[in-house]
Each structure stands twice: as C-alpha cells, then as structure tokens.
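Chemist: Below is the structure I would like to discuss, written out as structure tokens.
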Amino acid sequence: MLADEMRACTRCVELASTRTQVVVGSGPTGARLVIVGEAPGAREDETGVPFVGRSGQLLDRLLEEAGTSRDVVAVINTVKCRPPGNRVPSKVETANCRPWTTRQLGEMTPALVVPLGLSATTWFLGRTTLGAVRGRVHEVDGQRVLPTFHPAAALRGGPNGEAMTRLREDLALAVRLVS
Ligand code: SF4
C-alpha cells in the first residue's frame with residue numbers, strides 16, 4: 001500500500017532521522033478536491049495529520065464557509081516529513097518526495113487540486129509568482145490546479161491585508177468547481 005511505503009521512506013537522511021512520523025495526508029482517497037501544502041510543522045509531525053495548527057483551523061473554517069468540510073477533502077503536503085525547526089525543505093528533499101506526491105495524486109485522480117502558497121504552487125506550475133497565477137484554474141498534465149494563498153499568509157494579513165479575502169474567495173470557487 002502506498003501509505004505504508006511512504007511511512008518506511010528514508011530517502012532524506014536528515015528528515016528521516018529527525019521526524020516523529022511521516023505525515024502521509026488526510027481525507028478520503030476518492031476526494032474530488034485535494035489541498036496541497038508544503039511540509040508538516042511541529043503539530044503535524046506530532047499528530048501525523050496535515051494542517052492541524054492555526055493554519056489548519058483557518059482552512060477548516062473557510063472550507064465550512066464554502067459549504068464543505070475536511071471529511072470530504074483530501075489534504076497532503078509536497079514533502080511528507082517535517083524539516084527540523086520548520087525550515088524550508090531543500091530542493092533535494094522536495095525532489096526526493098515528488099514521486100510520492102505524484103503517486104498519491106495518480107491514485108486519487110481529483111477533479112481539482114488547490115496548492116496553498118508559492119512553494120506548493122511552484123511544485124505544480126514551475127517557477128512563478130503567486131500573484132500571476134492564483135485564483136485561476138490551470139491545466140497541468142491533465143490535472144486542474146487552482147493556486148491560492150497559504151492560510152499562514154492570510155493569518156499574517158499580507159500582502160496588503162488581502163490574503164484572507166483572496167483565500168476565502170479561491171476556496172469558495174474551488175468548492176463550487178467540484179460540486
Ligand atoms: S520527505 Fe518524503 S522523500 Fe524525504 S524521507 Fe520523508 S517521505 Fe521520504
């Protein structure tokens with residue numbers, strides 16, 4: 001099983017030796033909407049569930065406002081193990097983990113993927129800026145992708161205090177598109 005294979009992965013020597021567990025993802029395998037973040041933080045590493053801190057609580061609230069819930073949405077990260085101190089995953093670590101994420105998406109075949117923040121967006125679209133691509137559906141190798149802000153950016157209020165408004169709008173659009 002894919003999840004078991006990921007849990008045994010030690011491709012990134014540092015991450016494999018410092019993690020509490022591999023954060024495989026949450027939600028039903030047949031989810032029509034898949035939300036993708038960058039990497040687990042401390043709470044995620046502890047619990048094994050992605051997006052359970054303040055960002056996760058905001059994500060849950062905005063999904064509920066949009067008329068859905070985490071129960072029917074899958075949430076994964078591009079990198080499955082917590083980088084020490086919540087540092088940004090290296091290019092090598094992201095590349096190491098890419099085949100797992102590709103296989104996850106291949107198994108789930110979602111109608112729409114929503115990457116949160118620039119890092120996850122770049123994973124799908126390549127080098128870009130969030131302002132150039134967010135809020136619109138892009139087709140990448142047959143997969144529909146709708147990038148938006150990371151909830152952490154919305155909680156920080158930036159840029160220009162608009163991140164929360166845009167994140168709310170984009171998640172509402174995502175839910176409409178898969179309904
Ligand atoms: S981050 Fe991904 S590739 Fe690296 S050890 Fe964890 S599961 Fe394996």
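Labels used: A, B, ... for chains in the order of the structure tokens, numbers from 1 for residues in each chain, and numbers from 1 for ligands as shown.
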As a ChimeraX atom specification, list the residues of range 21-168 of chain A assigned to alpha helix (DSSP H) by DSSP on the backbone atoms of this structure.
Modeler: /A:42-47,54-65,91-108,117-125,130-133,151-156,163-168
Chemist: Around ligand 1, at most 12 Å away and counting only C-alpha atoms and all ligand atoms, which residues are there? Put them as a compact mmCIF listing (two decimals) with C-alpha atoms, in the first residue's frame, please.
Modeler:
# COMPACT_ATOMS: atom_id res chain seq x y z
CA LEU A 2 1.28 3.45 -0.91
CA ALA A 3 0.84 4.92 2.58
CA ASP A 4 2.88 2.09 4.10
CA GLU A 5 5.62 2.58 1.52
CA MET A 6 5.78 6.29 2.36
CA ARG A 7 5.91 5.59 6.10
CA ALA A 8 9.01 3.47 5.56
CA CYS A 9 10.77 6.05 3.36
CA THR A 10 14.25 7.24 4.36
CA ARG A 11 15.27 8.99 1.14
CA CYS A 12 16.00 12.22 3.03
CA VAL A 13 18.51 11.14 5.65
CA GLU A 14 18.14 14.20 7.89
CA LEU A 15 14.34 14.31 7.78
CA ALA A 16 14.01 10.58 8.29
CA SER A 17 16.23 10.74 11.39
CA THR A 18 14.51 13.76 12.98
CA ARG A 19 10.83 13.21 12.17
CA THR A 20 8.37 11.71 14.64
CA GLN A 21 6.44 10.19 11.78
CA VAL A 22 5.77 10.55 8.07
CA VAL A 23 2.70 12.74 7.53
CA VAL A 24 1.09 10.88 4.68
CA GLY A 25 -2.03 13.03 4.35
CA GLU A 38 4.44 22.45 1.59
CA ALA A 39 5.59 20.33 4.55
CA PRO A 40 4.46 19.30 8.04
CA ASP A 45 4.76 15.86 12.99
CA ILE A 76 -1.45 16.40 1.59
CA ASN A 77 1.97 18.08 1.56
CA THR A 78 4.56 18.05 -1.21
CA VAL A 79 7.12 16.98 1.42
CA LYS A 80 5.88 14.36 3.91
CA CYS A 81 8.41 14.77 6.73
CA ARG A 82 8.96 17.81 8.95
CA PRO A 83 12.14 19.75 8.24
CA PRO A 84 13.90 20.46 11.57
CA VAL A 88 12.02 25.38 4.19
CA PRO A 89 12.51 21.95 2.57
CA SER A 90 15.58 21.82 0.34
CA LYS A 91 15.30 21.30 -3.40
CA VAL A 92 16.72 17.82 -2.95
CA GLU A 93 14.13 16.93 -0.28
CA THR A 94 11.31 18.24 -2.45
CA ALA A 95 12.64 16.25 -5.39
CA ASN A 96 13.03 13.13 -3.23
CA CYS A 97 9.41 13.33 -2.16
CA ARG A 98 7.98 14.25 -5.56
CA PRO A 99 7.35 10.66 -6.70
CA TRP A 100 5.26 10.00 -3.58
CA THR A 101 3.07 13.03 -4.21
CA THR A 102 2.76 12.18 -7.88
CA GLN A 104 -0.82 9.97 -4.40
Chemist: State, in Å with one decimal place, the distance from CA of Glu65 in chain A to CA of Leu177 in chain A.
Modeler: 15.2 Å
Chemist: Neighbouring residues of range 56-60 of chain A were defined as those with any atom within 8 Å, considering only C-alpha atoms; residues of the same chain fewer than 6 positions away were excluded. Please report them as a ChimeraX atom specification.
Modeler: /A:50,69-70,151
Chemist: One number please: CA of Gly126 in chain A to CA of Gly157 in chain A, in Å, one decimal.
Modeler: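 These atoms are spaced 25.6 Å apart.
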Chemist: Quick one: residues within 10 Å of Arg176 in chain A, only C-alpha atoms, excluding same-chain residues fewer than 4 positions away - as a PyMOL selection string?
Modeler: chain A and resi 66-68+170-172
Chemist: Would you please give, as a ChimeraX atom specification, all residues of range 100-177 of chain A that DSSP assigns to strand (DSSP E) based on the backbone?
Modeler: /A:112-115,138-140,143-145
Chemist: Nearest residue to Val113 in chain A out of A:Arg156, A:Arg61, A:Arg144, A:Arg43, using only C-alpha atoms?
Modeler: A:Arg144
Chemist: By how many Å are CA of Gly117 in chain A and CA of Phe149 in chain A apart?
Modeler: 4.6 Å
